[in-house]
file entry_7.cif (mmCIF, C-alpha atoms)
data_final
#
loop_
_atom_site.label_atom_id
_atom_site.label_comp_id
_atom_site.auth_asym_id
_atom_site.auth_seq_id
_atom_site.Cartn_x
_atom_site.Cartn_y
_atom_site.Cartn_z
CA MET A 1 35.57 -39.62 14.97
CA LYS A 2 32.81 -40.25 12.45
CA LYS A 3 30.94 -37.16 13.70
CA SER A 4 33.95 -34.86 13.32
CA ARG A 5 34.42 -36.09 9.73
CA VAL A 6 30.84 -35.16 8.90
CA LEU A 7 31.30 -31.70 10.46
CA LEU A 8 34.53 -31.16 8.49
CA ALA A 9 32.77 -32.13 5.25
CA ALA A 10 29.99 -29.73 5.97
CA ALA A 11 32.44 -26.90 6.69
CA LEU A 12 34.32 -27.56 3.45
CA ALA A 13 31.10 -27.65 1.48
CA SER A 14 30.11 -24.25 2.82
CA MET A 15 33.52 -22.84 1.84
CA VAL A 16 33.31 -24.31 -1.66
CA PHE A 17 29.85 -22.95 -2.43
CA PRO A 18 29.66 -19.66 -0.52
CA THR A 19 28.25 -17.65 -3.46
CA GLY A 20 25.44 -20.15 -3.96
CA VAL A 21 24.44 -19.82 -0.34
CA MET A 22 24.54 -16.01 -0.52
CA ALA A 23 22.48 -16.02 -3.71
CA ALA A 24 19.86 -18.17 -2.02
CA GLU A 25 19.74 -15.73 0.92
CA ALA A 26 19.43 -12.73 -1.39
CA GLU A 27 16.40 -14.24 -3.05
CA GLN A 28 14.61 -14.86 0.21
CA GLN A 29 11.58 -12.58 0.51
CA LEU A 30 10.44 -11.14 3.77
CA SER A 31 6.75 -10.60 4.23
CA ILE A 32 5.43 -9.00 7.39
CA THR A 33 1.80 -8.04 7.87
CA LEU A 34 1.20 -5.86 10.88
CA THR A 35 -2.12 -5.38 12.61
CA ALA A 36 -2.66 -2.45 14.96
CA GLU A 37 -3.22 -3.97 18.39
CA PRO A 38 -4.46 -2.29 21.58
CA GLU A 39 -1.67 -0.67 23.64
CA TYR A 40 -3.58 -0.26 26.89
CA SER A 41 -6.99 -0.85 28.36
CA VAL A 42 -9.18 1.17 30.68
CA THR A 43 -11.93 -0.40 32.77
CA ILE A 44 -14.86 1.98 33.15
CA PRO A 45 -18.02 1.45 35.26
CA ALA A 46 -20.80 -0.40 33.43
CA SER A 47 -23.51 2.09 34.39
CA VAL A 48 -24.27 5.19 36.40
CA ALA A 49 -25.32 3.71 39.75
CA MET A 50 -25.40 5.41 43.16
CA GLY A 51 -27.34 5.67 46.40
CA ASN A 52 -28.54 8.84 48.15
CA GLU A 53 -25.04 9.65 49.39
CA GLY A 54 -23.35 8.88 46.10
CA THR A 55 -20.45 6.48 45.71
CA TYR A 56 -16.80 6.15 44.77
CA VAL A 57 -16.16 4.56 41.41
CA ASP A 58 -13.01 2.72 40.34
CA VAL A 59 -11.43 3.28 36.93
CA THR A 60 -8.48 1.02 36.13
CA ALA A 61 -5.74 1.26 33.54
CA SER A 62 -4.02 -2.02 32.71
CA ASP A 63 -1.88 -3.65 30.02
CA VAL A 64 -0.18 -0.28 29.44
CA LYS A 65 2.58 -0.73 26.84
CA ASN A 66 4.84 1.80 25.15
CA LEU A 67 3.37 4.89 26.83
CA PRO A 68 5.93 7.57 25.97
CA GLU A 69 7.59 9.69 28.67
CA GLY A 70 5.58 12.86 29.34
CA LYS A 71 2.31 11.29 28.16
CA LYS A 72 -0.73 10.10 30.10
CA ILE A 73 -3.94 8.21 29.42
CA SER A 74 -6.72 10.71 29.98
CA VAL A 75 -10.32 9.70 30.76
CA THR A 76 -12.83 12.50 30.18
CA ILE A 77 -16.59 12.92 29.89
CA SER A 78 -17.33 12.68 26.16
CA GLY A 79 -21.12 12.77 26.41
CA THR A 80 -24.19 11.23 28.02
CA ASP A 81 -27.32 9.50 26.74
CA LYS A 82 -29.47 12.53 27.64
CA TYR A 83 -30.44 15.57 25.57
CA ASN A 84 -27.55 18.06 25.25
CA ASP A 85 -25.28 15.64 27.13
CA GLN A 86 -26.92 16.59 30.41
CA MET A 87 -25.68 14.65 33.43
CA LEU A 88 -29.06 13.22 34.41
CA VAL A 89 -30.50 9.92 35.52
CA GLU A 90 -34.13 9.21 34.70
CA ALA A 91 -36.80 6.88 36.10
CA GLU A 92 -39.83 5.37 34.40
CA THR A 93 -42.27 7.19 36.66
CA THR A 94 -45.51 8.86 35.54
CA PRO A 95 -44.77 11.56 34.63
CA LYS A 96 -41.08 10.85 33.97
CA THR A 97 -38.78 12.23 36.67
CA SER A 98 -35.06 12.84 36.62
CA LEU A 99 -32.22 13.71 38.95
CA ARG A 100 -29.03 15.62 38.20
CA TYR A 101 -25.75 14.11 39.30
CA GLN A 102 -22.29 15.49 39.90
CA ILE A 103 -18.88 13.93 39.48
CA ILE A 104 -15.93 14.94 41.63
CA SER A 105 -12.82 14.13 39.67
CA GLU A 106 -9.61 12.59 40.97
CA ASP A 107 -8.25 16.17 41.24
CA GLY A 108 -11.26 17.37 43.23
CA GLU A 109 -12.89 19.26 40.35
CA LEU A 110 -16.71 19.39 40.49
CA ILE A 111 -18.15 18.28 37.14
CA GLU A 112 -21.85 18.84 36.45
CA THR A 113 -24.27 20.22 33.90
CA ASN A 114 -26.38 23.14 35.01
CA ALA A 115 -28.49 25.24 32.67
CA SER A 116 -28.58 28.20 35.06
CA THR A 117 -24.80 28.43 35.50
CA GLY A 118 -23.93 27.16 32.02
CA ALA A 119 -21.76 24.38 33.46
CA VAL A 120 -21.03 21.53 31.03
CA GLY A 121 -19.41 18.18 31.63
CA VAL A 122 -18.17 17.35 28.13
CA GLY A 123 -14.38 17.48 27.84
CA LYS A 124 -13.72 17.51 31.60
CA GLU A 125 -11.07 15.06 32.82
CA VAL A 126 -12.25 12.54 35.41
CA VAL A 127 -9.03 10.57 36.00
CA SER A 128 -5.68 10.03 34.27
CA PHE A 129 -3.00 7.35 34.30
CA THR A 130 0.70 7.03 33.57
CA GLY A 131 0.84 3.27 34.12
CA ASN A 132 -1.08 0.27 35.41
CA GLU A 133 -3.10 1.66 38.31
CA THR A 134 -6.59 2.17 39.72
CA LYS A 135 -8.01 5.64 40.35
CA GLN A 136 -11.33 6.73 41.82
CA TYR A 137 -13.84 9.46 41.21
CA GLN A 138 -16.91 10.31 43.27
CA ILE A 139 -20.42 10.45 41.83
CA LYS A 140 -23.40 11.80 43.75
CA PRO A 141 -26.99 12.74 42.99
CA VAL A 142 -28.36 16.26 43.40
CA ILE A 143 -31.51 15.46 45.35
CA ALA A 144 -33.83 18.30 44.44
CA GLY A 145 -37.02 18.93 42.50
CA ARG A 146 -39.57 16.22 41.79
CA TYR A 147 -38.42 12.65 42.36
CA GLU A 148 -39.74 9.39 43.74
CA TYR A 149 -38.37 6.89 46.24
CA ASP A 150 -37.85 3.19 45.57
CA VAL A 151 -37.54 3.52 41.81
CA GLU A 152 -34.41 3.02 39.76
CA TYR A 153 -32.89 6.13 38.19
CA THR A 154 -30.58 5.20 35.30
CA GLY A 155 -28.36 6.89 32.75
CA CYS A 156 -25.22 6.31 30.70
CA ILE A 157 -21.96 8.17 30.29
CA MET A 158 -19.75 8.08 27.20
CA PHE A 159 -16.15 8.36 28.37
CA GLY A 160 -13.44 9.85 26.17
CA ILE A 161 -10.17 7.92 26.36
CA GLU A 162 -6.94 9.08 24.74
CA VAL A 163 -3.20 9.50 25.18
CA THR A 164 -2.40 13.18 25.82
CA ASP A 165 0.45 15.30 27.14
CA ALA A 166 0.95 14.98 30.90
CA GLU A 167 1.07 18.43 32.53
CA MET B 168 -90.86 -13.73 24.46
CA GLN B 169 -88.91 -15.59 21.78
CA ASN B 170 -87.59 -12.23 20.49
CA GLN B 171 -86.40 -11.20 23.94
CA GLU B 172 -84.53 -14.51 24.35
CA ASN B 173 -82.90 -14.07 20.93
CA ARG B 174 -81.85 -10.52 21.80
CA LYS B 175 -80.29 -11.73 25.08
CA LYS B 176 -78.48 -14.51 23.24
CA ARG B 177 -77.13 -11.99 20.69
CA GLN B 178 -75.93 -9.69 23.51
CA TRP B 179 -74.06 -12.60 25.14
CA ILE B 180 -72.43 -13.49 21.80
CA ILE B 181 -71.34 -9.86 21.24
CA LEU B 182 -69.97 -9.62 24.80
CA ALA B 183 -68.03 -12.89 24.36
CA ALA B 184 -66.63 -11.66 21.01
CA VAL B 185 -65.52 -8.35 22.58
CA LEU B 186 -63.80 -10.24 25.44
CA VAL B 187 -62.00 -12.52 22.96
CA ILE B 188 -60.82 -9.49 20.93
CA LEU B 189 -59.63 -7.69 24.11
CA ALA B 190 -57.75 -10.81 25.28
CA ALA B 191 -56.09 -11.18 21.87
CA ALA B 192 -55.10 -7.49 21.83
CA ALA B 193 -53.63 -7.77 25.35
CA GLY B 194 -51.68 -10.86 24.29
CA LEU B 195 -50.29 -9.11 21.22
CA PHE B 196 -49.30 -6.07 23.29
CA LEU B 197 -47.48 -8.18 25.88
CA THR B 198 -45.67 -10.12 23.16
CA PHE B 199 -44.65 -7.29 20.85
CA GLY B 200 -45.51 -3.97 22.52
CA THR B 201 -42.92 -4.22 25.31
CA ARG B 202 -40.06 -5.56 23.17
CA ARG B 203 -37.36 -3.05 22.31
CA GLU B 204 -35.60 -3.16 18.97
CA ASN B 205 -31.83 -3.13 18.91
CA PRO B 206 -30.21 0.22 17.96
CA ASP B 207 -30.37 -0.54 14.24
CA GLY B 208 -33.79 -2.15 14.35
CA LYS B 209 -32.27 -5.37 12.98
CA GLY B 210 -32.63 -7.62 16.04
CA ILE B 211 -29.43 -9.05 17.53
CA VAL B 212 -26.90 -9.14 14.70
CA LEU B 213 -23.55 -10.56 15.74
CA GLU B 214 -20.42 -9.58 13.83
CA GLU B 215 -19.73 -12.52 11.48
CA GLY B 216 -16.08 -11.67 10.90
CA ALA B 217 -15.19 -11.55 14.60
CA GLU B 218 -12.42 -13.98 15.54
CA ASP B 219 -11.47 -15.43 18.90
CA TRP B 220 -9.23 -12.91 20.63
CA ASP B 221 -7.06 -13.31 23.72
CA GLY B 222 -5.23 -10.05 24.23
CA GLU B 223 -3.66 -11.27 27.52
CA MET B 224 -5.37 -8.56 29.52
CA LYS B 225 -5.12 -8.84 33.29
CA ASP B 226 -8.19 -8.35 35.50
CA MET B 227 -7.46 -5.54 37.97
CA SER B 228 -11.09 -4.64 38.73
CA GLU B 229 -11.20 -6.70 41.97
CA GLY B 230 -14.77 -7.80 41.41
CA GLN B 231 -16.32 -4.41 40.57
CA THR B 232 -18.64 -4.41 37.60
CA GLY B 233 -16.76 -2.70 34.85
CA ILE B 234 -16.27 -2.66 31.12
CA LYS B 235 -12.75 -3.10 29.78
CA ILE B 236 -12.09 -0.75 26.87
CA PRO B 237 -9.04 -1.37 24.64
CA GLY B 238 -7.04 1.77 23.82
CA TYR B 239 -4.53 2.73 21.14
CA GLY B 240 -1.61 5.14 21.04
CA GLU B 241 -0.89 5.52 17.34
CA ILE B 242 -2.24 3.55 14.39
CA THR B 243 -0.79 3.31 10.88
CA VAL B 244 -2.77 2.31 7.78
CA PRO B 245 -1.86 2.36 4.06
CA ALA B 246 -2.88 5.35 1.92
CA GLY B 247 -5.38 4.71 -0.85
CA GLU B 248 -6.48 1.33 0.52
CA THR B 249 -9.87 0.46 1.90
CA THR B 250 -8.87 -2.58 3.97
CA TRP B 251 -7.47 -1.58 7.35
CA LYS B 252 -5.82 -4.00 9.74
CA ILE B 253 -6.84 -2.72 13.15
CA THR B 254 -7.93 -5.03 15.94
CA LEU B 255 -11.35 -3.96 17.22
CA ALA B 256 -11.70 -6.16 20.28
CA ASN B 257 -14.15 -6.90 23.05
CA PRO B 258 -11.99 -8.30 25.91
CA GLU B 259 -13.16 -11.64 27.22
CA GLU B 260 -13.61 -10.33 30.80
CA ASN B 261 -16.56 -8.22 29.65
CA THR B 262 -20.15 -9.36 29.98
CA CYS B 263 -21.62 -7.10 27.31
CA TYR B 264 -21.65 -6.62 23.54
CA PHE B 265 -19.46 -4.02 21.81
CA LYS B 266 -20.41 -2.11 18.68
CA TYR B 267 -17.64 -0.08 17.04
CA THR B 268 -18.33 3.02 14.94
CA VAL B 269 -15.20 4.53 13.38
CA THR B 270 -15.04 8.21 12.41
CA ILE B 271 -12.18 10.45 11.30
CA ASP B 272 -11.38 13.96 12.65
CA ASP B 273 -14.57 16.01 13.11
CA SER B 274 -16.64 14.07 10.58
CA GLU B 275 -19.84 12.56 11.89
CA ASN B 276 -20.09 10.13 8.97
CA PRO B 277 -18.77 6.74 10.03
CA ILE B 278 -16.27 5.09 7.70
CA TYR B 279 -16.95 1.74 9.34
CA GLU B 280 -19.61 0.29 11.66
CA SER B 281 -19.37 -3.17 13.16
CA ASP B 282 -22.21 -5.39 14.23
CA LEU B 283 -22.29 -6.59 17.83
CA ILE B 284 -19.03 -8.16 18.98
CA GLU B 285 -19.20 -10.76 21.75
CA PRO B 286 -16.71 -10.82 24.67
CA GLY B 287 -13.47 -12.57 23.70
CA LYS B 288 -13.93 -11.77 20.00
CA ALA B 289 -12.32 -9.20 17.74
CA VAL B 290 -12.57 -7.88 14.21
CA ARG B 291 -8.96 -8.03 12.95
CA GLU B 292 -9.47 -6.17 9.68
CA PHE B 293 -12.31 -4.27 8.06
CA ASP B 294 -13.19 -2.30 4.94
CA VAL B 295 -13.72 1.45 5.22
CA THR B 296 -16.17 3.30 2.99
CA GLU B 297 -13.44 5.45 1.42
CA PRO B 298 -9.63 5.34 1.39
CA LEU B 299 -7.64 8.21 2.90
CA GLU B 300 -4.79 10.19 1.40
CA ALA B 301 -1.40 10.15 3.12
CA GLY B 302 -1.23 12.33 6.21
CA ASP B 303 -2.00 12.40 9.91
CA TYR B 304 -5.57 12.24 11.18
CA GLU B 305 -7.41 11.69 14.45
CA ILE B 306 -9.30 8.40 14.52
CA HIS B 307 -12.32 8.02 16.82
CA LEU B 308 -13.32 4.50 17.81
CA ASN B 309 -16.79 4.98 19.28
CA ILE B 310 -17.64 1.95 21.40
CA SER B 311 -21.30 1.51 22.29
CA THR B 312 -21.89 -1.24 24.80
CA TYR B 313 -25.06 -3.25 25.43
CA ALA B 314 -26.10 -5.69 28.16
CA MET B 315 -26.45 -9.27 26.92
CA ASP B 316 -30.19 -9.31 27.61
CA GLU B 317 -33.16 -9.37 25.22
CA GLU B 318 -33.60 -5.60 25.44
CA LEU B 319 -29.90 -4.92 24.68
CA THR B 320 -29.92 -2.35 27.47
CA PRO B 321 -27.38 0.39 26.70
CA LEU B 322 -24.47 0.67 29.14
CA ASN B 323 -21.70 3.22 29.57
CA GLY B 324 -19.54 3.49 26.48
CA ALA B 325 -16.34 5.15 25.32
CA VAL B 326 -14.80 7.12 22.50
CA VAL B 327 -11.19 6.06 22.09
CA LYS B 328 -9.17 8.68 20.24
CA ALA B 329 -5.80 7.94 18.64
CA VAL B 330 -3.41 9.39 16.10
CA LEU B 331 -3.91 7.80 12.66
CA HIS B 332 -0.90 7.85 10.33
CA VAL B 333 -1.87 7.17 6.72
CA VAL B 334 1.31 6.33 4.79
#
call {"tool": "encode", "arguments": {"input": "entry_7.cif", "output": "structure tokens"}}
result
Amino acid sequence: MKKSRVLLAAALASMVFPTGVMAAEAEQQLSITLTAEPEYSVTIPASVAMGNEGTYVDVTASDVKNLPEGKKISVTISGTDKYNDQMLVEAETTPKTSLRYQIISEDGELIETNASTGAVGVGKEVVSFTGNETKQYQIKPVIAGRYEYDVEYTGCIMFGIEVTDAE
Amino acid sequence: MQNQENRKKRQWIILAAVLVILAAAAGLFLTFGTRRENPDGKGIVLEEGAEDWDGEMKDMSEGQTGIKIPGYGEITVPAGETTWKITLANPEENTCYFKYTVTIDDSENPIYESDLIEPGKAVREFDVTEPLEAGDYEIHLNISTYAMDEELTPLNGAVVKAVLHVV
């Protein structure tokens, strides 16, 4: 009984002073500060590592949010740490020796740099994603020229990652 | 006879001095000669403004060594202002440092360069060297990654491209 009296009083009060309440609401200021947050993530290999036969490498897209219909996350070769973005791995031998390597993309395209054929790797798509998934590409060395066994050949790739139109 | 003894003594002293100098030179070479500077020649400089960051990113790598790269679809920043609120993160699953270099369109001049960002940290806002006029641009977030060792060994990196709306 007591409770219902309190509720009735509150209801009457809100009817008596409606303009005051509205005025208070009108004065309320909204302040929103937005920060651009990541909308997806792509896990790339940490380094160029392979044996004689080459290897399959996982690339994973995760946390994909708000990817519009007809769009994909494209992972391309953006460059390497070698002169002219050559796809090479080098070893600290004396004199220095290097090996070329090739990438076979998810679609089966052979990606390599080759001065004699003019082939370049920059801009070539390795894998693409339309959601949370794992794709693979193949990487293998071109065993030719001067090289040494039992030494580590290393190199780095710079991957390009962007949202583009899906074909 | 006395002269001959003196000469022998002098020869021993010179030989000992040469050995001491050679040992000191070898010590100095081992200490400083094999140490690599970080990319800026400043030693390890961690980003002071980096905050703790938990972007709730799931691990889908299934144990493979990889580097998780955050990606962006579209980013909006205010025209004429030099402080941009964009999260430049290094996901906590990573075991390497991130260094962000931000460029616009085809320009090679960075408008912002971070110091090294540890895993699980992020720069939430930063000052660019010059404000942009209203319009649409392409923003390039160049992410160089380095192993968390003394040599800061470079690892594979990425260039994340996104549409930048300046309004």
call {"tool": "interface_residues", "arguments": {"input": "entry_7.cif", "of": "chain B", "to": "chain A", "cutoff": "10 Å", "atoms": "only C-alpha atoms", "output": "MDAnalysis selection string"}}
result
chainID B and resid 222:229 231:244 251:256 258 261:263 291:292 307:314 321:330
call {"tool": "residues_near_point", "arguments": {"input": "entry_7.cif", "point": "(-34.9, 5.9, 34.0)", "cutoff": "8 Å", "atoms": "all atoms listed in the file", "output": "list in words"}}
result
Val89, Glu90, Ala91, Glu92, Thr93, Lys96, Thr97, Ser98, Glu152, Tyr153, Thr154 and Gly155 of chain A
call {"tool": "write_last_selection", "arguments": {"input": "entry_7.cif", "atoms": "C-alpha atoms", "output": "PDB file, keeping the file's coordinate frame"}}
result
ATOM      1  CA  VAL A  89     -30.500   9.920  35.520  1.00  0.00           C
ATOM      2  CA  GLU A  90     -34.130   9.210  34.700  1.00  0.00           C
ATOM      3  CA  ALA A  91     -36.800   6.880  36.100  1.00  0.00           C
ATOM      4  CA  GLU A  92     -39.830   5.370  34.400  1.00  0.00           C
ATOM      5  CA  THR A  93     -42.270   7.190  36.660  1.00  0.00           C
ATOM      6  CA  LYS A  96     -41.080  10.850  33.970  1.00  0.00           C
ATOM      7  CA  THR A  97     -38.780  12.230  36.670  1.00  0.00           C
ATOM      8  CA  SER A  98     -35.060  12.840  36.620  1.00  0.00           C
ATOM      9  CA  GLU A 152     -34.410   3.020  39.760  1.00  0.00           C
ATOM     10  CA  TYR A 153     -32.890   6.130  38.190  1.00  0.00           C
ATOM     11  CA  THR A 154     -30.580   5.200  35.300  1.00  0.00           C
ATOM     12  CA  GLY A 155     -28.360   6.890  32.750  1.00  0.00           C
TER      13      GLY A 155
END
call {"tool": "residues_around", "arguments": {"input": "entry_7.cif", "residues": "Lys71 of chain A", "least_positions_apart": "6", "cutoff": "10 Å", "atoms": "only C-alpha atoms", "output": "JSON, numbers by chain"}}
result
{"A": [129, 130, 163, 164, 165, 166, 167]}
call {"tool": "write_last_selection", "arguments": {"input": "entry_7.cif", "atoms": "C-alpha atoms", "output": "PDB file, keeping the file's coordinate frame"}}
result
ATOM      1  CA  PHE A 129      -3.000   7.350  34.300  1.00  0.00           C
ATOM      2  CA  THR A 130       0.700   7.030  33.570  1.00  0.00           C
ATOM      3  CA  VAL A 163      -3.200   9.500  25.180  1.00  0.00           C
ATOM      4  CA  THR A 164      -2.400  13.180  25.820  1.00  0.00           C
ATOM      5  CA  ASP A 165       0.450  15.300  27.140  1.00  0.00           C
ATOM      6  CA  ALA A 166       0.950  14.980  30.900  1.00  0.00           C
ATOM      7  CA  GLU A 167       1.070  18.430  32.530  1.00  0.00           C
TER       8      GLU A 167
END
call {"tool": "atom_distance", "arguments": {"input": "entry_7.cif", "atom1": "atom CA of Gly287 of chain B", "atom2": "atom CA of Ser128 of chain A"}}
result
26.1 Å
